[in-house]
>>> print(open('work_3.txt').read())   # compact mmCIF, N, CA and C atoms and all ligand atoms
# COMPACT_ATOMS: atom_id res chain seq x y z
N MET A 135 -36.69 101.10 30.24
CA MET A 135 -37.84 101.66 29.55
C MET A 135 -39.02 100.69 29.68
N VAL A 136 -39.75 100.87 30.73
CA VAL A 136 -40.89 99.99 30.93
C VAL A 136 -42.17 100.77 30.72
N LYS A 137 -42.88 100.40 29.74
CA LYS A 137 -44.17 101.03 29.53
C LYS A 137 -45.14 100.61 30.62
N THR A 138 -46.05 101.49 30.91
CA THR A 138 -47.04 101.18 31.94
C THR A 138 -47.68 99.83 31.70
N VAL A 139 -48.01 99.65 30.48
CA VAL A 139 -48.80 98.46 30.16
C VAL A 139 -48.01 97.17 30.38
N THR A 140 -46.69 97.26 30.26
CA THR A 140 -45.92 96.04 30.41
C THR A 140 -45.76 95.64 31.87
N ARG A 141 -46.13 96.52 32.76
CA ARG A 141 -46.08 96.15 34.17
C ARG A 141 -47.24 95.24 34.55
N LEU A 142 -48.25 95.30 33.75
CA LEU A 142 -49.40 94.45 34.02
C LEU A 142 -49.11 93.04 33.56
N MET A 143 -49.77 92.13 34.17
CA MET A 143 -49.65 90.77 33.70
C MET A 143 -50.47 90.65 32.43
N ILE A 144 -49.78 90.54 31.36
CA ILE A 144 -50.48 90.49 30.08
C ILE A 144 -50.25 89.15 29.42
N ILE A 145 -51.30 88.55 29.09
CA ILE A 145 -51.21 87.28 28.39
C ILE A 145 -51.81 87.47 27.01
N ILE A 146 -51.02 87.23 26.03
CA ILE A 146 -51.45 87.47 24.67
C ILE A 146 -51.78 86.16 23.97
N ALA A 147 -52.76 86.23 23.18
CA ALA A 147 -53.07 85.07 22.37
C ALA A 147 -53.64 85.55 21.05
N THR A 148 -53.39 84.82 20.04
CA THR A 148 -54.07 85.15 18.80
C THR A 148 -55.54 84.81 19.01
N VAL A 149 -56.36 85.46 18.26
CA VAL A 149 -57.78 85.22 18.43
C VAL A 149 -58.10 83.81 17.97
N ALA A 150 -58.38 83.00 18.90
CA ALA A 150 -58.69 81.61 18.58
C ALA A 150 -60.20 81.43 18.69
N LEU A 151 -60.78 81.21 17.59
CA LEU A 151 -62.22 81.07 17.58
C LEU A 151 -62.60 79.63 17.89
N THR A 152 -63.38 79.50 18.88
CA THR A 152 -63.84 78.16 19.18
C THR A 152 -64.96 77.80 18.21
N SER A 153 -65.27 76.59 18.17
CA SER A 153 -66.23 76.13 17.19
C SER A 153 -67.60 76.77 17.41
N CYS A 154 -68.36 76.74 16.38
CA CYS A 154 -69.67 77.37 16.44
C CYS A 154 -70.62 76.57 17.32
N GLY A 155 -71.83 77.02 17.37
CA GLY A 155 -72.81 76.29 18.16
C GLY A 155 -72.95 76.84 19.56
N SER A 156 -72.24 77.93 19.84
CA SER A 156 -72.37 78.53 21.15
C SER A 156 -73.73 79.17 21.31
N SER A 157 -74.35 78.92 22.42
CA SER A 157 -75.65 79.55 22.66
C SER A 157 -75.53 80.59 23.77
N GLN A 158 -74.29 80.90 24.13
CA GLN A 158 -74.08 81.85 25.21
C GLN A 158 -74.29 83.28 24.70
N PRO A 159 -74.90 84.13 25.50
CA PRO A 159 -75.06 85.53 25.11
C PRO A 159 -73.75 86.29 25.28
N CYS A 160 -73.62 87.38 24.56
CA CYS A 160 -72.43 88.23 24.67
C CYS A 160 -72.30 88.73 26.10
N LYS A 161 -71.09 88.71 26.59
CA LYS A 161 -70.84 89.15 27.97
C LYS A 161 -71.18 90.61 28.17
N LEU A 162 -71.06 91.39 27.10
CA LEU A 162 -71.24 92.83 27.22
C LEU A 162 -72.65 93.30 26.90
N CYS A 163 -73.29 92.66 25.93
CA CYS A 163 -74.59 93.19 25.51
C CYS A 163 -75.69 92.14 25.49
N GLY A 164 -75.31 90.88 25.60
CA GLY A 164 -76.33 89.84 25.65
C GLY A 164 -76.78 89.34 24.29
N ASP A 165 -76.20 89.91 23.23
CA ASP A 165 -76.58 89.50 21.89
C ASP A 165 -76.07 88.11 21.55
N ARG A 166 -76.68 87.52 20.55
CA ARG A 166 -76.19 86.30 19.96
C ARG A 166 -76.16 86.51 18.46
N PRO A 167 -75.41 85.80 17.66
CA PRO A 167 -74.52 84.72 18.13
C PRO A 167 -73.22 85.28 18.69
N THR A 168 -72.52 84.46 19.37
CA THR A 168 -71.24 84.86 19.96
C THR A 168 -70.19 83.81 19.64
N LYS A 169 -68.98 84.20 19.91
CA LYS A 169 -67.89 83.24 19.84
C LYS A 169 -67.22 83.19 21.20
N GLY A 170 -66.67 82.06 21.51
CA GLY A 170 -66.02 81.90 22.81
C GLY A 170 -64.55 82.24 22.74
N TYR A 171 -64.08 82.95 23.73
CA TYR A 171 -62.67 83.31 23.82
C TYR A 171 -62.17 82.88 25.18
N GLU A 172 -61.06 82.22 25.18
CA GLU A 172 -60.55 81.74 26.46
C GLU A 172 -59.93 82.89 27.23
N ASN A 173 -60.41 83.10 28.42
CA ASN A 173 -59.79 84.07 29.31
C ASN A 173 -58.57 83.40 29.91
N LEU A 174 -57.40 83.91 29.52
CA LEU A 174 -56.17 83.22 29.88
C LEU A 174 -55.79 83.44 31.34
N ALA A 175 -56.50 84.34 32.01
CA ALA A 175 -56.26 84.54 33.43
C ALA A 175 -57.04 83.52 34.25
N THR A 176 -58.22 83.21 33.79
CA THR A 176 -59.07 82.31 34.56
C THR A 176 -59.19 80.93 33.92
N GLY A 177 -58.84 80.87 32.64
CA GLY A 177 -58.97 79.60 31.93
C GLY A 177 -60.39 79.31 31.50
N GLU A 178 -61.27 80.28 31.75
CA GLU A 178 -62.66 80.07 31.39
C GLU A 178 -62.99 80.70 30.04
N LEU A 179 -64.02 80.19 29.45
CA LEU A 179 -64.44 80.70 28.16
C LEU A 179 -65.41 81.86 28.36
N GLU A 180 -65.13 82.96 27.68
CA GLU A 180 -66.06 84.08 27.72
C GLU A 180 -66.59 84.29 26.32
N HIS A 181 -67.80 84.78 26.25
CA HIS A 181 -68.45 84.89 24.95
C HIS A 181 -68.71 86.34 24.57
N TYR A 182 -68.37 86.65 23.34
CA TYR A 182 -68.57 88.00 22.83
C TYR A 182 -69.19 87.92 21.44
N CYS A 183 -70.06 88.87 21.16
CA CYS A 183 -70.66 88.94 19.84
C CYS A 183 -69.67 89.57 18.86
N GLU A 184 -70.03 89.52 17.62
CA GLU A 184 -69.19 90.09 16.56
C GLU A 184 -68.83 91.55 16.83
N ARG A 185 -69.85 92.30 17.23
CA ARG A 185 -69.67 93.73 17.45
C ARG A 185 -68.62 94.01 18.53
N HIS A 186 -68.62 93.19 19.55
CA HIS A 186 -67.73 93.45 20.68
C HIS A 186 -66.39 92.73 20.59
N SER A 187 -66.19 91.98 19.52
CA SER A 187 -64.92 91.26 19.41
C SER A 187 -64.17 91.63 18.14
N SER A 188 -64.75 92.51 17.32
CA SER A 188 -64.14 92.78 16.02
C SER A 188 -63.42 94.11 15.96
N LYS A 189 -63.55 94.91 17.02
CA LYS A 189 -62.90 96.23 16.99
C LYS A 189 -61.83 96.32 18.06
N CYS A 190 -60.74 96.99 17.67
CA CYS A 190 -59.65 97.22 18.61
C CYS A 190 -60.13 98.11 19.75
N GLU A 191 -59.76 97.76 20.94
CA GLU A 191 -60.14 98.52 22.14
C GLU A 191 -59.63 99.96 22.10
N PHE A 192 -58.50 100.16 21.43
CA PHE A 192 -57.82 101.45 21.51
C PHE A 192 -58.07 102.38 20.33
N ASP A 193 -58.23 101.83 19.14
CA ASP A 193 -58.37 102.73 17.99
C ASP A 193 -59.44 102.30 17.00
N ASN A 194 -60.25 101.35 17.38
CA ASN A 194 -61.38 100.94 16.55
C ASN A 194 -61.00 100.31 15.21
N LYS A 195 -59.74 99.94 15.07
CA LYS A 195 -59.38 99.17 13.87
C LYS A 195 -59.87 97.75 14.04
N LYS A 196 -59.71 96.99 13.00
CA LYS A 196 -60.17 95.61 13.06
C LYS A 196 -59.31 94.81 14.04
N ALA A 197 -59.95 94.23 15.00
CA ALA A 197 -59.22 93.45 16.00
C ALA A 197 -58.88 92.07 15.43
N THR A 198 -57.64 91.72 15.56
CA THR A 198 -57.22 90.41 15.09
C THR A 198 -56.63 89.57 16.22
N LYS A 199 -56.44 90.23 17.35
CA LYS A 199 -55.86 89.50 18.48
C LYS A 199 -56.54 89.94 19.75
N TYR A 200 -56.30 89.20 20.80
CA TYR A 200 -56.80 89.65 22.10
C TYR A 200 -55.81 89.22 23.17
N TYR A 201 -55.94 89.87 24.30
CA TYR A 201 -55.14 89.45 25.43
C TYR A 201 -55.98 89.56 26.69
N THR A 202 -55.47 88.99 27.74
CA THR A 202 -56.15 89.08 29.02
C THR A 202 -55.33 89.99 29.92
N ASN A 203 -55.93 91.05 30.39
CA ASN A 203 -55.16 92.01 31.19
C ASN A 203 -55.09 91.60 32.65
N ALA A 204 -54.45 92.45 33.45
CA ALA A 204 -54.21 92.13 34.86
C ALA A 204 -55.50 92.02 35.65
N LEU A 205 -56.54 92.63 35.14
CA LEU A 205 -57.82 92.58 35.83
C LEU A 205 -58.63 91.36 35.42
N GLY A 206 -58.06 90.61 34.50
CA GLY A 206 -58.76 89.41 34.06
C GLY A 206 -59.78 89.69 32.97
N ASP A 207 -59.66 90.85 32.34
CA ASP A 207 -60.57 91.17 31.26
C ASP A 207 -59.96 90.82 29.92
N ILE A 208 -60.77 90.32 29.04
CA ILE A 208 -60.31 90.09 27.68
C ILE A 208 -60.37 91.40 26.92
N ILE A 209 -59.26 91.76 26.29
CA ILE A 209 -59.19 93.00 25.52
C ILE A 209 -58.87 92.63 24.07
N PHE A 210 -59.71 93.11 23.17
CA PHE A 210 -59.49 92.84 21.75
C PHE A 210 -58.66 93.97 21.16
N VAL A 211 -57.67 93.62 20.39
CA VAL A 211 -56.78 94.64 19.83
C VAL A 211 -56.43 94.32 18.38
N CYS A 212 -56.04 95.38 17.67
CA CYS A 212 -55.58 95.20 16.30
C CYS A 212 -54.09 94.83 16.31
N GLU A 213 -53.60 94.54 15.15
CA GLU A 213 -52.20 94.13 15.02
C GLU A 213 -51.24 95.21 15.56
N ASP A 214 -51.53 96.47 15.24
CA ASP A 214 -50.63 97.57 15.65
C ASP A 214 -50.55 97.68 17.17
N CYS A 215 -51.69 97.68 17.80
CA CYS A 215 -51.72 97.83 19.25
C CYS A 215 -51.11 96.60 19.92
N TYR A 216 -51.37 95.47 19.34
CA TYR A 216 -50.77 94.24 19.85
C TYR A 216 -49.26 94.36 19.87
N ASN A 217 -48.71 94.86 18.77
CA ASN A 217 -47.26 95.01 18.67
C ASN A 217 -46.75 96.04 19.67
N ASP A 218 -47.52 97.11 19.89
CA ASP A 218 -47.14 98.10 20.88
C ASP A 218 -47.07 97.50 22.26
N ILE A 219 -48.07 96.73 22.56
CA ILE A 219 -48.13 96.12 23.89
C ILE A 219 -46.98 95.14 24.09
N MET A 220 -46.60 94.49 23.03
CA MET A 220 -45.57 93.48 23.13
C MET A 220 -44.17 94.08 23.17
N GLU A 221 -44.04 95.37 22.88
CA GLU A 221 -42.71 95.98 22.85
C GLU A 221 -42.07 95.98 24.22
ZN ZN A 301 -71.86 92.25 22.41
ZN ZN A 302 -55.50 99.09 17.70
>>> encode(input="work_3.txt", output="structure tokens")
Amino acid sequence: MVKTVTRLMIIIATVALTSCGSSQPCKLCGDRPTKGYENLATGELEHYCERHSSKCEFDNKKATKYYTNALGDIIFVCEDCYNDIME
């Protein structure tokens, strides 16, 4: 029983907020302030604003975790979706 999503290289991490003081614009909209999230595929820090990092990608619940998908994109997810992905 392999879910589609588990075939992808998925790296999960709890949302680790790097320290403040970031002056980087949001990767998606260019807004500030942002927080840095480590892209676990590339090891680089990507920056997202509150709006783009606080909602689950799949159901708009509050995102508490994120992972890096096979395409190297950071995906923010809620606890429920995180657990689904990890199954
Ligand atoms: Zn944004
Ligand atoms: Zn969710």
>>> residues_near_ligand(input="work_3.txt", ligand="ligand ZN 301 (chain A)", cutoff="6 Å", atoms="all atoms listed in the file", output="ChimeraX atom specification")
/A:160-165,182-186
>>> residues_near_ligand(input="work_3.txt", ligand="ligand ZN 302 (chain A)", cutoff="6 Å", atoms="only C-alpha atoms and all ligand atoms", output="PDB file with N, CA and C atoms, in the coordinates of the input")
ATOM      1  N   CYS A 190     -60.740  96.990  17.670  1.00  0.00           N
ATOM      2  CA  CYS A 190     -59.650  97.220  18.610  1.00  0.00           C
ATOM      3  C   CYS A 190     -60.130  98.110  19.750  1.00  0.00           C
ATOM      4  N   PHE A 192     -58.500 100.160  21.430  1.00  0.00           N
ATOM      5  CA  PHE A 192     -57.820 101.450  21.510  1.00  0.00           C
ATOM      6  C   PHE A 192     -58.070 102.380  20.330  1.00  0.00           C
ATOM      7  N   ASP A 193     -58.230 101.830  19.140  1.00  0.00           N
ATOM      8  CA  ASP A 193     -58.370 102.730  17.990  1.00  0.00           C
ATOM      9  C   ASP A 193     -59.440 102.300  17.000  1.00  0.00           C
ATOM     10  N   LYS A 195     -59.740  99.940  15.070  1.00  0.00           N
ATOM     11  CA  LYS A 195     -59.380  99.170  13.870  1.00  0.00           C
ATOM     12  C   LYS A 195     -59.870  97.750  14.040  1.00  0.00           C
ATOM     13  N   VAL A 211     -57.670  93.620  20.390  1.00  0.00           N
ATOM     14  CA  VAL A 211     -56.780  94.640  19.830  1.00  0.00           C
ATOM     15  C   VAL A 211     -56.430  94.320  18.380  1.00  0.00           C
ATOM     16  N   CYS A 212     -56.040  95.380  17.670  1.00  0.00           N
ATOM     17  CA  CYS A 212     -55.580  95.200  16.300  1.00  0.00           C
ATOM     18  C   CYS A 212     -54.090  94.830  16.310  1.00  0.00           C
ATOM     19  N   ASP A 214     -51.530  96.470  15.240  1.00  0.00           N
ATOM     20  CA  ASP A 214     -50.630  97.570  15.650  1.00  0.00           C
ATOM     21  C   ASP A 214     -50.550  97.680  17.170  1.00  0.00           C
ATOM     22  N   CYS A 215     -51.690  97.680  17.800  1.00  0.00           N
ATOM     23  CA  CYS A 215     -51.720  97.830  19.250  1.00  0.00           C
ATOM     24  C   CYS A 215     -51.110  96.600  19.920  1.00  0.00           C
TER      25      CYS A 215
END
>>> atom_distance(input="work_3.txt", atom1="CA of Phe210 in chain A", atom2="CA of Thr176 in chain A")
16.6 Å
>>> atom_distance(input="work_3.txt", atom1="CA of Asp218 in chain A", atom2="atom N of Thr168 in chain A")
28.9 Å
>>> atom_distance(input="work_3.txt", atom1="CA of Thr202 in chain A", atom2="CA of Asn217 in chain A")
14.9 Å
>>> closest_residue(input="work_3.txt", among="A:Ser188, A:Arg166, A:Lys196, A:Asn173", to="Ile208 in chain A", atoms="all atoms listed in the file")
A:Asn173
